[in-house]
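Asker: I am sharing target-v9.txt, which consists of compact mmCIF, C-alpha atoms:
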```txt
# COMPACT_ATOMS: atom_id res chain seq x y z
CA MET A 197 -75.40 18.02 103.91
CA SER A 198 -74.21 14.43 104.05
CA THR A 199 -73.37 12.70 107.27
CA GLU A 200 -69.65 13.09 106.64
CA GLU A 201 -70.03 16.75 105.81
CA ILE A 202 -71.92 17.40 109.02
CA ILE A 203 -69.30 15.54 111.08
CA SER A 204 -66.39 17.38 109.51
CA SER A 205 -68.11 20.78 109.73
CA GLY A 206 -67.46 20.93 113.49
CA LYS A 207 -71.11 21.79 114.04
CA LEU A 208 -71.76 18.71 116.19
CA GLU A 209 -69.24 19.87 118.82
CA LEU A 210 -70.80 23.33 118.84
CA TYR A 211 -74.24 21.70 119.00
CA VAL A 212 -73.29 19.83 122.19
CA THR A 213 -71.72 22.85 123.90
CA GLY A 214 -74.80 24.90 122.98
CA SER A 215 -72.82 27.39 120.93
CA LEU A 216 -74.84 27.27 117.69
CA PRO A 217 -77.52 29.80 116.75
CA ALA A 218 -81.02 28.46 117.39
CA ASN A 219 -81.87 27.76 113.73
CA GLU A 220 -78.64 25.80 113.13
CA ALA A 221 -79.07 23.88 116.37
CA ALA A 222 -82.59 22.85 115.25
CA GLU A 223 -81.21 21.65 111.91
CA ILE A 224 -78.54 19.56 113.58
CA ALA A 225 -81.04 18.15 116.08
CA GLU A 226 -83.25 17.03 113.22
CA ALA A 227 -80.32 15.52 111.31
CA VAL A 228 -79.03 13.69 114.41
CA ARG A 229 -82.49 12.34 115.22
CA LYS A 230 -82.64 10.69 111.77
CA ASP A 231 -79.06 9.47 111.56
CA PRO A 232 -77.62 6.80 113.92
CA VAL A 233 -74.06 7.61 112.81
CA LEU A 234 -74.51 11.25 113.84
CA GLN A 235 -76.08 10.06 117.10
CA LYS A 236 -72.97 7.99 117.87
CA GLU A 237 -70.76 10.91 117.01
CA VAL A 238 -72.71 13.26 119.26
CA ASP A 239 -72.68 10.67 122.08
CA ALA A 240 -68.88 10.44 121.84
CA ILE A 241 -68.37 14.23 121.81
CA GLU A 242 -70.70 14.63 124.74
CA THR A 243 -69.08 11.85 126.75
CA SER A 244 -65.60 13.30 126.32
CA LEU A 245 -66.79 16.74 127.36
CA ILE A 246 -68.63 15.30 130.39
CA GLN A 247 -65.38 13.57 131.36
CA LEU A 248 -63.40 16.77 130.97
CA ALA A 249 -65.84 18.79 133.03
CA GLY A 250 -66.01 16.05 135.65
CA SER A 251 -62.24 16.05 135.98
CA VAL A 252 -62.35 19.74 136.81
CA SER A 253 -64.92 19.16 139.55
CA PRO A 254 -63.49 19.30 143.07
CA GLY A 255 -65.91 16.49 144.03
CA VAL A 256 -69.61 16.83 144.74
CA ALA A 257 -70.37 16.58 148.46
CA SER A 258 -72.89 13.87 149.37
CA THR A 259 -74.99 16.41 151.28
CA ILE A 260 -75.94 18.30 148.10
CA TRP A 261 -78.47 15.72 146.95
CA SER A 262 -80.43 15.79 150.20
CA LYS A 263 -80.51 19.58 150.03
CA ILE A 264 -81.90 19.38 146.49
CA LEU A 265 -84.54 16.90 147.66
CA ASN A 266 -85.52 19.24 150.49
CA SER A 267 -85.89 22.06 147.97
CA ILE A 268 -88.05 20.17 145.49
CA ARG A 269 -90.30 18.29 147.92
CA PRO A 270 -92.36 21.21 149.31
CA VAL A 271 -93.49 21.86 145.74
CA ARG A 272 -95.34 18.53 145.69
CA THR A 273 -97.95 19.71 148.16
CA LEU A 274 -100.85 17.46 147.13
CA GLU A 275 -99.23 14.24 148.30
CA GLU A 276 -98.01 15.84 151.48
CA ARG A 277 -101.43 17.21 152.31
CA ASP A 278 -102.81 13.70 151.93
CA THR A 279 -100.39 12.28 154.44
CA LYS A 280 -100.98 15.27 156.68
CA SER A 281 -104.72 14.62 156.73
CA VAL A 282 -104.00 11.04 157.81
CA ASN A 283 -101.81 12.47 160.55
CA TRP A 284 -104.63 14.74 161.65
CA ALA A 285 -106.86 11.71 162.05
CA ALA A 286 -104.20 10.04 164.14
CA ILE A 287 -103.65 13.21 166.16
CA SER A 288 -107.36 13.68 166.81
CA GLY A 289 -107.55 10.00 167.75
CA TRP A 290 -104.83 10.42 170.31
CA ALA A 291 -106.41 13.65 171.53
CA ALA A 292 -109.73 11.82 172.00
CA ALA A 293 -107.93 9.05 173.87
CA VAL A 294 -106.24 11.56 176.16
CA LEU A 295 -109.55 13.34 176.73
CA ALA A 296 -111.28 10.04 177.48
CA VAL A 297 -108.64 9.06 180.02
CA GLY A 298 -108.87 12.55 181.51
CA GLY A 299 -112.65 12.25 181.57
CA ILE A 300 -112.54 8.87 183.30
CA PHE A 301 -110.13 10.24 185.87
CA TRP A 302 -112.37 13.27 186.40
CA LEU A 303 -115.46 11.03 186.82
CA PHE A 304 -113.55 8.83 189.24
CA ASN A 305 -112.57 11.87 191.32
CA THR A 306 -116.08 13.31 191.19
CA ASN A 307 -117.50 9.95 192.26
CA LYS A 308 -115.03 9.77 195.14
CA ASP A 309 -116.00 13.29 196.23
CA LEU A 310 -119.68 12.36 196.10
CA LEU A 311 -119.08 9.22 198.15
CA ASP A 312 -117.23 11.31 200.72
CA GLU A 313 -120.14 13.74 200.80
CA ILE A 314 -122.60 10.88 201.28
CA LYS A 315 -120.48 9.57 204.17
CA LEU A 316 -120.39 13.02 205.74
CA THR A 317 -124.14 13.48 205.23
CA THR A 318 -124.82 10.06 206.77
CA THR A 319 -122.76 11.04 209.80
CA GLU A 320 -124.61 14.34 210.04
CA ASN A 321 -127.91 12.48 209.70
CA SER A 322 -127.13 10.11 212.52
CA ASP A 323 -126.01 13.08 214.66
CA LEU A 324 -129.29 14.82 213.92
CA ARG A 325 -131.21 11.61 214.68
CA GLU A 326 -129.47 11.38 218.04
CA GLN A 327 -130.31 15.02 218.75
CA LEU A 328 -133.89 14.34 217.71
CA THR A 329 -134.11 11.33 220.00
CA GLU A 330 -132.63 13.36 222.82
CA THR A 331 -135.05 16.20 222.17
CA GLU A 332 -137.97 13.79 221.96
CA THR A 333 -136.89 12.22 225.25
CA ARG A 334 -136.64 15.65 226.84
CA LEU A 335 -139.99 16.62 225.36
CA ALA A 336 -141.54 13.46 226.73
CA GLY A 337 -140.02 14.27 230.14
CA SER A 338 -141.35 17.82 229.97
CA GLU A 339 -144.76 16.60 228.93
CA GLU A 340 -144.78 14.12 231.80
CA ILE A 341 -143.93 16.89 234.24
CA LEU A 342 -146.54 19.14 232.70
CA ASN A 343 -149.09 16.39 233.08
CA ILE A 344 -148.05 15.95 236.69
CA LEU A 345 -148.36 19.63 237.45
CA ARG A 346 -151.77 19.75 235.80
CA SER A 347 -152.97 16.61 237.47
CA LYS A 348 -155.37 16.88 240.40
CA ASP A 349 -153.30 14.30 242.28
CA TYR A 350 -150.50 16.77 242.92
CA GLU A 351 -150.59 19.50 245.51
CA THR A 352 -148.39 22.50 244.98
CA ILE A 353 -146.47 23.72 248.02
CA LEU A 354 -144.48 26.94 247.90
CA LEU A 355 -141.33 26.94 249.99
CA PRO A 356 -140.43 30.59 250.68
CA GLY A 357 -136.86 31.67 251.46
CA ASN A 358 -135.59 31.67 255.02
CA ARG A 359 -135.39 35.31 256.02
CA ASP A 360 -132.12 34.78 257.90
CA VAL A 361 -130.27 32.79 255.26
CA ALA A 362 -131.72 33.52 251.79
CA PRO A 363 -134.71 35.84 251.85
CA GLU A 364 -134.99 35.95 248.04
CA ALA A 365 -134.85 32.19 247.61
CA PHE A 366 -137.85 29.93 247.04
CA ALA A 367 -138.71 26.48 245.87
CA LYS A 368 -141.82 24.63 244.80
CA VAL A 369 -142.87 21.12 245.75
CA TYR A 370 -145.46 19.13 243.84
CA PHE A 371 -146.62 16.34 246.10
CA ASP A 372 -148.82 13.30 245.43
CA LYS A 373 -149.88 12.15 248.83
CA THR A 374 -151.43 8.93 247.59
CA ASN A 375 -148.40 7.70 245.71
CA LYS A 376 -145.86 9.43 248.05
CA VAL A 377 -144.17 11.08 245.10
CA ALA A 378 -142.76 14.61 245.25
CA TYR A 379 -141.20 16.83 242.57
CA ILE A 380 -139.05 19.76 243.66
CA ASP A 381 -138.48 22.74 241.35
CA SER A 382 -135.22 24.39 242.38
CA ARG A 383 -135.30 27.36 240.05
CA GLY A 384 -135.68 29.85 242.91
CA LEU A 385 -132.58 28.59 244.74
CA PRO A 386 -129.17 30.27 244.35
CA GLU A 387 -126.64 28.00 242.59
CA ALA A 388 -124.76 25.73 244.98
CA THR A 389 -120.95 25.74 244.88
CA THR A 390 -119.18 22.61 243.68
CA THR A 391 -118.32 21.52 247.22
CA MET A 392 -121.91 21.93 248.52
CA VAL A 393 -125.24 20.33 247.61
CA TYR A 394 -128.91 21.06 248.39
CA GLN A 395 -130.67 18.39 250.39
CA ALA A 396 -134.48 18.01 250.64
CA TRP A 397 -136.14 17.10 253.89
CA SER A 398 -139.63 16.04 254.89
CA LEU A 399 -140.54 17.30 258.29
CA LYS A 400 -142.90 16.24 261.07
CA LEU A 401 -143.49 19.31 263.18
CA ASP A 402 -144.63 17.80 266.47
CA PRO A 403 -142.15 16.75 267.52
CA LEU A 404 -139.76 18.20 264.91
CA THR A 405 -138.48 15.17 263.02
CA PRO A 406 -136.59 15.72 259.78
CA THR A 407 -136.29 12.84 257.33
CA SER A 408 -133.93 13.10 254.34
CA MET A 409 -135.69 12.79 250.98
CA GLY A 410 -132.48 12.92 249.03
CA LEU A 411 -130.07 15.31 247.27
CA LEU A 412 -130.95 17.80 244.57
CA ASP A 413 -128.30 16.23 242.25
CA GLN A 414 -128.15 14.49 238.91
CA ALA A 415 -129.29 11.17 240.36
CA ASN A 416 -132.73 12.59 241.07
CA GLU A 417 -132.97 15.21 238.31
CA VAL A 418 -135.73 14.50 235.77
CA GLU A 419 -135.60 17.82 233.99
CA GLU A 420 -133.30 20.78 234.33
CA GLY A 421 -133.83 22.10 237.89
CA ILE A 422 -136.62 19.56 238.66
CA TYR A 423 -135.95 16.62 240.96
CA LYS A 424 -138.12 13.57 241.58
CA PHE A 425 -138.35 11.83 244.97
CA GLU A 426 -140.30 8.71 245.76
CA ASN A 427 -141.46 7.06 249.00
CA VAL A 428 -141.93 10.40 250.64
CA PRO A 429 -143.61 9.91 254.08
CA ASP A 430 -146.64 12.03 254.81
CA PRO A 431 -144.96 15.24 256.06
CA ASP A 432 -146.19 18.42 257.73
CA ALA A 433 -143.62 20.48 255.90
CA PHE A 434 -140.76 20.40 253.33
CA GLY A 435 -137.39 22.05 253.84
CA ILE A 436 -134.21 22.44 251.79
CA THR A 437 -130.79 22.92 253.35
CA LEU A 438 -127.35 23.44 251.87
CA GLU A 439 -125.12 20.61 252.96
CA PRO A 440 -121.53 19.52 252.22
CA ALA A 441 -121.18 17.37 249.09
CA GLY A 442 -122.67 13.93 249.72
CA GLY A 443 -125.34 15.21 252.11
CA SER A 444 -125.82 14.99 255.85
CA GLU A 445 -127.60 12.71 258.35
CA SER A 446 -129.50 15.59 259.82
CA PRO A 447 -130.22 19.04 258.40
CA THR A 448 -127.88 21.93 259.17
CA LEU A 449 -130.50 24.40 260.29
CA THR A 450 -128.19 27.38 259.91
CA GLN A 451 -128.20 26.56 256.25
CA LEU A 452 -131.97 26.13 255.89
CA TYR A 453 -132.75 27.96 252.66
CA THR A 454 -136.47 27.31 252.25
CA LEU A 455 -139.22 25.89 254.33
CA GLY A 456 -142.92 25.43 253.57
CA THR A 457 -145.77 23.64 255.26
CA VAL A 458 -148.19 21.28 253.67
CA SER A 459 -151.74 22.39 253.97
CA PRO A 460 -153.78 20.00 256.12
CA MET B 247 -72.81 7.36 126.32
CA GLU B 248 -76.29 7.43 124.86
CA GLN B 249 -78.73 9.93 126.17
CA PRO B 250 -80.91 8.22 128.87
CA ASP B 251 -84.22 9.21 127.31
CA GLN B 252 -86.28 6.89 129.50
CA LEU B 253 -84.94 8.41 132.70
CA ILE B 254 -85.49 11.90 131.32
CA HIS B 255 -89.06 11.00 130.41
CA ALA B 256 -89.69 9.58 133.91
CA MET B 257 -88.23 12.69 135.54
CA LYS B 258 -90.49 14.89 133.45
CA ALA B 259 -93.39 12.83 134.84
CA GLY B 260 -92.22 13.63 138.40
CA ASP B 261 -90.26 10.46 139.16
CA GLU B 262 -87.82 11.33 141.95
CA ALA B 263 -85.82 8.09 141.54
CA ALA B 264 -85.20 8.86 137.86
CA PHE B 265 -84.12 12.38 138.80
CA SER B 266 -81.73 10.88 141.35
CA LYS B 267 -80.12 8.67 138.66
CA LEU B 268 -79.73 11.61 136.29
CA TYR B 269 -78.14 13.58 139.13
CA GLY B 270 -75.66 10.73 139.58
CA MET B 271 -74.80 10.80 135.86
CA TYR B 272 -74.40 14.54 135.37
CA SER B 273 -73.76 16.27 138.73
CA GLU B 274 -69.97 15.83 138.63
CA ALA B 275 -69.66 17.38 135.15
CA LEU B 276 -72.00 20.26 135.98
CA PHE B 277 -70.10 20.87 139.21
CA GLY B 278 -66.89 21.05 137.17
CA ILE B 279 -68.45 23.63 134.84
CA ILE B 280 -69.87 25.65 137.74
CA TYR B 281 -66.65 25.49 139.72
CA GLY B 282 -64.77 26.60 136.60
CA ILE B 283 -66.95 29.72 136.49
CA VAL B 284 -67.23 30.72 140.18
CA GLY B 285 -63.91 29.32 141.44
CA ASP B 286 -65.26 28.98 144.99
CA ARG B 287 -66.38 25.65 146.42
CA GLU B 288 -69.13 26.97 148.68
CA VAL B 289 -70.64 29.21 146.01
CA ALA B 290 -70.29 26.40 143.45
CA GLU B 291 -72.20 24.00 145.72
CA GLU B 292 -75.00 26.53 146.12
CA ALA B 293 -75.15 27.03 142.36
CA LEU B 294 -75.16 23.27 141.70
CA GLN B 295 -78.05 22.89 144.10
CA ASP B 296 -79.96 25.74 142.48
CA ALA B 297 -79.23 24.35 139.01
CA PHE B 298 -80.67 20.90 139.79
CA VAL B 299 -83.74 22.42 141.43
CA LYS B 300 -84.26 24.41 138.21
CA ILE B 301 -83.75 21.24 136.13
CA TRP B 302 -86.44 19.48 138.17
CA ASN B 303 -88.88 22.39 138.16
CA ASN B 304 -88.43 23.14 134.43
CA SER B 305 -88.08 19.58 133.17
CA ALA B 306 -91.39 19.91 131.30
CA SER B 307 -89.84 22.54 129.04
CA TYR B 308 -87.14 20.15 127.75
CA SER B 309 -87.92 17.98 124.79
CA PRO B 310 -85.38 15.61 123.14
CA GLY B 311 -86.39 16.88 119.68
CA LYS B 312 -84.93 20.32 120.44
CA GLY B 313 -81.46 19.19 121.39
CA ARG B 314 -79.32 17.23 123.80
CA PHE B 315 -80.38 16.92 127.42
CA PHE B 316 -76.78 17.56 128.43
CA THR B 317 -76.75 20.80 126.41
CA TRP B 318 -79.96 21.88 128.14
CA ILE B 319 -78.70 21.23 131.68
CA LEU B 320 -75.27 22.63 130.76
CA ASN B 321 -76.94 25.92 129.89
CA ILE B 322 -78.87 25.94 133.15
CA ALA B 323 -75.69 25.22 135.13
CA ARG B 324 -73.64 27.92 133.37
CA ASN B 325 -76.38 30.54 133.71
CA THR B 326 -76.89 29.74 137.39
CA ALA B 327 -73.14 29.99 138.00
CA ILE B 328 -72.85 33.27 136.06
CA ASP B 329 -75.78 34.67 138.12
CA LYS B 330 -73.80 33.85 141.25
CA THR B 331 -70.76 35.77 139.98
CA ARG B 332 -72.95 38.80 139.38
CA SER B 333 -74.11 39.04 142.99
CA LYS B 334 -72.60 41.93 144.93
CA ALA B 335 -71.36 39.70 147.73
CA PHE B 336 -69.57 37.47 145.24
CA LYS B 337 -67.92 40.39 143.47
CA ASN B 338 -66.65 41.79 146.76
CA SER B 339 -65.11 38.49 147.82
CA ARG B 340 -63.53 37.81 144.42
CA LYS B 341 -62.25 41.31 143.75
CA ASN B 342 -58.55 40.59 144.13
CA LEU B 343 -58.40 37.17 142.52
CA SER B 344 -57.01 36.76 139.05
CA SER B 345 -59.22 34.91 136.61
CA THR B 346 -58.55 31.20 136.14
CA ASN B 347 -59.49 28.66 133.48
CA PHE B 348 -60.21 24.95 133.65
CA VAL B 349 -56.57 24.10 133.06
CA ASP B 350 -55.50 26.04 136.16
CA ILE B 351 -58.13 24.22 138.18
CA LEU B 352 -57.16 20.86 136.74
CA ALA B 353 -53.53 21.56 137.55
CA SER B 354 -54.24 21.77 141.25
CA SER B 355 -53.16 18.47 142.82
CA ASP B 356 -56.34 18.18 144.92
CA ASN B 357 -58.39 17.08 141.96
CA LEU B 358 -55.86 14.60 140.65
CA ASN B 359 -55.82 12.66 143.89
CA LYS B 360 -59.54 12.05 143.70
CA LYS B 361 -60.03 10.83 140.18
CA THR B 362 -57.81 8.54 138.19
CA ASN B 363 -59.57 9.71 135.07
CA ALA B 364 -58.39 13.24 135.73
CA ILE B 365 -54.77 12.11 135.52
CA GLY B 366 -55.17 11.04 131.90
CA ILE B 367 -57.04 14.20 131.12
CA LYS B 368 -54.29 16.23 132.72
CA LYS B 369 -51.76 14.65 130.38
CA TYR B 370 -53.97 15.65 127.49
CA VAL B 371 -54.46 19.12 128.83
CA ASP B 372 -50.71 19.51 129.33
CA ALA B 373 -50.21 18.70 125.67
CA LEU B 374 -52.99 21.06 124.59
CA LYS B 375 -52.05 24.06 122.63
CA PRO B 376 -52.97 27.31 124.33
CA ALA B 377 -55.38 27.88 121.42
CA CYS B 378 -57.32 24.71 122.34
CA ILE B 379 -57.45 25.68 125.97
CA LYS B 380 -58.91 29.05 125.09
CA ILE B 381 -61.49 27.66 122.67
CA ILE B 382 -62.77 24.94 125.02
CA GLU B 383 -62.77 27.38 127.93
CA LEU B 384 -64.95 29.86 126.04
CA LEU B 385 -67.32 27.50 124.22
CA PHE B 386 -67.76 24.78 126.80
CA PHE B 387 -67.00 26.27 130.22
CA LYS B 388 -68.09 29.87 129.68
CA GLY B 389 -70.94 29.23 127.24
CA PHE B 390 -69.93 31.68 124.55
CA THR B 391 -71.81 31.46 121.22
CA GLN B 392 -69.67 30.54 118.25
CA ALA B 393 -69.89 34.13 116.97
CA ASP B 394 -68.86 35.63 120.34
CA ALA B 395 -66.00 33.16 120.72
CA ALA B 396 -64.67 33.92 117.21
CA LYS B 397 -64.83 37.59 117.99
CA GLU B 398 -63.15 37.12 121.38
CA LEU B 399 -60.33 35.07 119.83
CA ASP B 400 -60.22 37.27 116.77
CA ILE B 401 -60.39 34.36 114.30
CA PRO B 402 -62.80 33.54 111.44
CA LEU B 403 -65.81 31.40 112.36
CA GLY B 404 -64.64 28.58 110.04
CA THR B 405 -61.28 28.45 111.80
CA LEU B 406 -63.01 28.36 115.18
CA LYS B 407 -65.15 25.40 114.12
CA THR B 408 -62.25 23.40 112.73
CA ARG B 409 -59.96 24.16 115.63
CA ASN B 410 -62.64 23.30 118.16
CA ARG B 411 -63.33 20.01 116.40
CA ASN B 412 -59.64 19.11 116.34
CA CYS B 413 -59.23 19.93 120.03
CA ILE B 414 -62.25 17.84 121.03
CA ASN B 415 -61.06 14.96 118.82
CA GLU B 416 -57.82 14.84 120.80
CA LEU B 417 -59.83 14.81 124.00
CA ARG B 418 -61.98 11.95 122.70
CA ALA B 419 -58.92 9.92 121.84
CA ILE B 420 -57.74 10.11 125.45
CA VAL B 421 -61.08 9.68 127.21
CA LEU B 422 -62.61 7.03 124.98
CA GLY B 423 -59.37 5.33 123.96
```
In structure tokens, how does this file's structure come out?

Answerer:
Amino acid sequence: MSTEEIISSGKLELYVTGSLPANEAAEIAEAVRKDPVLQKEVDAIETSLIQLAGSVSPGVASTIWSKILNSIRPVRTLEERDTKSVNWAAISGWAAAVLAVGGIFWLFNTNKDLLDEIKLTTTENSDLREQLTETETRLAGSEEILNILRSKDYETILLPGNRDVAPEAFAKVYFDKTNKVAYIDSRGLPEATTTMVYQAWSLKLDPLTPTSMGLLDQANEVEEGIYKFENVPDPDAFGITLEPAGGSESPTLTQLYTLGTVSP
Amino acid sequence: MEQPDQLIHAMKAGDEAAFSKLYGMYSEALFGIIYGIVGDREVAEEALQDAFVKIWNNSASYSPGKGRFFTWILNIARNTAIDKTRSKAFKNSRKNLSSTNFVDILASSDNLNKKTNAIGIKKYVDALKPACIKIIELLFFKGFTQADAAKELDIPLGTLKTRNRNCINELRAIVLG
């Protein structure tokens, strides 16, 4: 068929609208491919039909294209996976940063706790050291007393309870005649009330002359219940009376709790 | 308008920008075809979307040696639209509507306000013989084969070809001056 024959056959119009049988469509396609005149003819037919169809369109909404893009993009997974792997690196980077900051904060807190513990331990240590010092002091005191009691310089005098006032009571005096030092152990005496105090006396028996040694109070206490007195005159006997707080000039004999004589 | 073979080639290679340009060139015409078949804007938009996704996904199967690119996408658009009309939901919603052709659609004033081109085409369409309207409706909008259209119109195939050519020639005179 010549170019003119093809054009006038009406096959080109049917070719564009896709109405020809497959074999005829292939023939026309081949003829058009070779012939620029047929190409122009087909272009014109197609353009007019596109215009006609477009005029029937109620107008394509601008949102359609983005919907199409959304539909076709998930198909191209390779590229997206690439970008996703980059994102993972970024995400893990941020995660590491967050962990590091968290770790630093945790270390800071732990360090603070440890410092607090050290402070507390230091305080406890100094408390214990004080207790140790106190205990050592007391031990030294006890040892001193023990040495005194064991020493040959000290004479032990038992002061039994006065039958009329306190028959169960007793006291012990450790007396160094040479150095005029006396220790009194008050364990056998009943506890004095807060308003009263025990007072120790050295006695000359002929004539009866009491001399105050001092009070069994904190000022003279060297160990619990043991009192130290110095400058004790050479007595015939020792006595302990219960006197009003502050002590008395002369012993209240009705309140004489214990009395013991020094062996000659 | 010459077929944009370079753009088509680029799209086949996965070039989204080329696909976007082709969409710009052909979407209005395909929407007109689809709308002519389904007669419902929402359904037509869905079908247009589906059609272009198919064009993108199947672009490898088109080759310029086999025929026109427009013919290829026209077939996809018509088939997608016809599939929509076959869905149960579509049938239920369209049950009571009388069938329309492209002339009825073109006659609605909505379209004329949007496109100046459509006004000229409307003048042409108004002057069209009912025979032309029927032929173009069947062959172009509905996608009938030449044999089916001749049978539908009860005319010899030769007459169909000549008449169709004459009708399209008139259209060309208006559109292309």

Asker: Contacts from chain A to chain B, 6 Å maximum, only C-alpha atoms: show me the residue list as a ChimeraX atom specification.

Answerer: /A:206,212-215,225,239,243-244,246,249-254,264

Asker: Tell me, as an MDAnalysis selection string, which residues lie within 7 Å of stretch 449-454 of chain A, counting only C-alpha atoms; anything in the same chain fewer than 4 positions away does not count.

Answerer: chainID A and resid 355:358 361:362 365:367 435:438

Asker: Record the distance separating atom CA of B:Arg332 and atom CA of B:Asp286, expressed in Å with one decimal.

Answerer: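 Atom CA of B:Asp286 lies at a distance of 13.7 Å from atom CA of B:Arg332.
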
Asker: Just how far from atom CA of A:Asp312 is atom CA of A:Ala296, in Å to one decimal?

Answerer: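 Interatomic distance, atom CA of A:Ala296 to atom CA of A:Asp312: 24.0 Å.
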
Asker: State, in Å with one decimal place, the distance from atom CA of A:Ser408 to atom CA of A:Glu340.

Answerer: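 For atom CA of A:Ser408 relative to atom CA of A:Glu340, the distance reads 25.0 Å.
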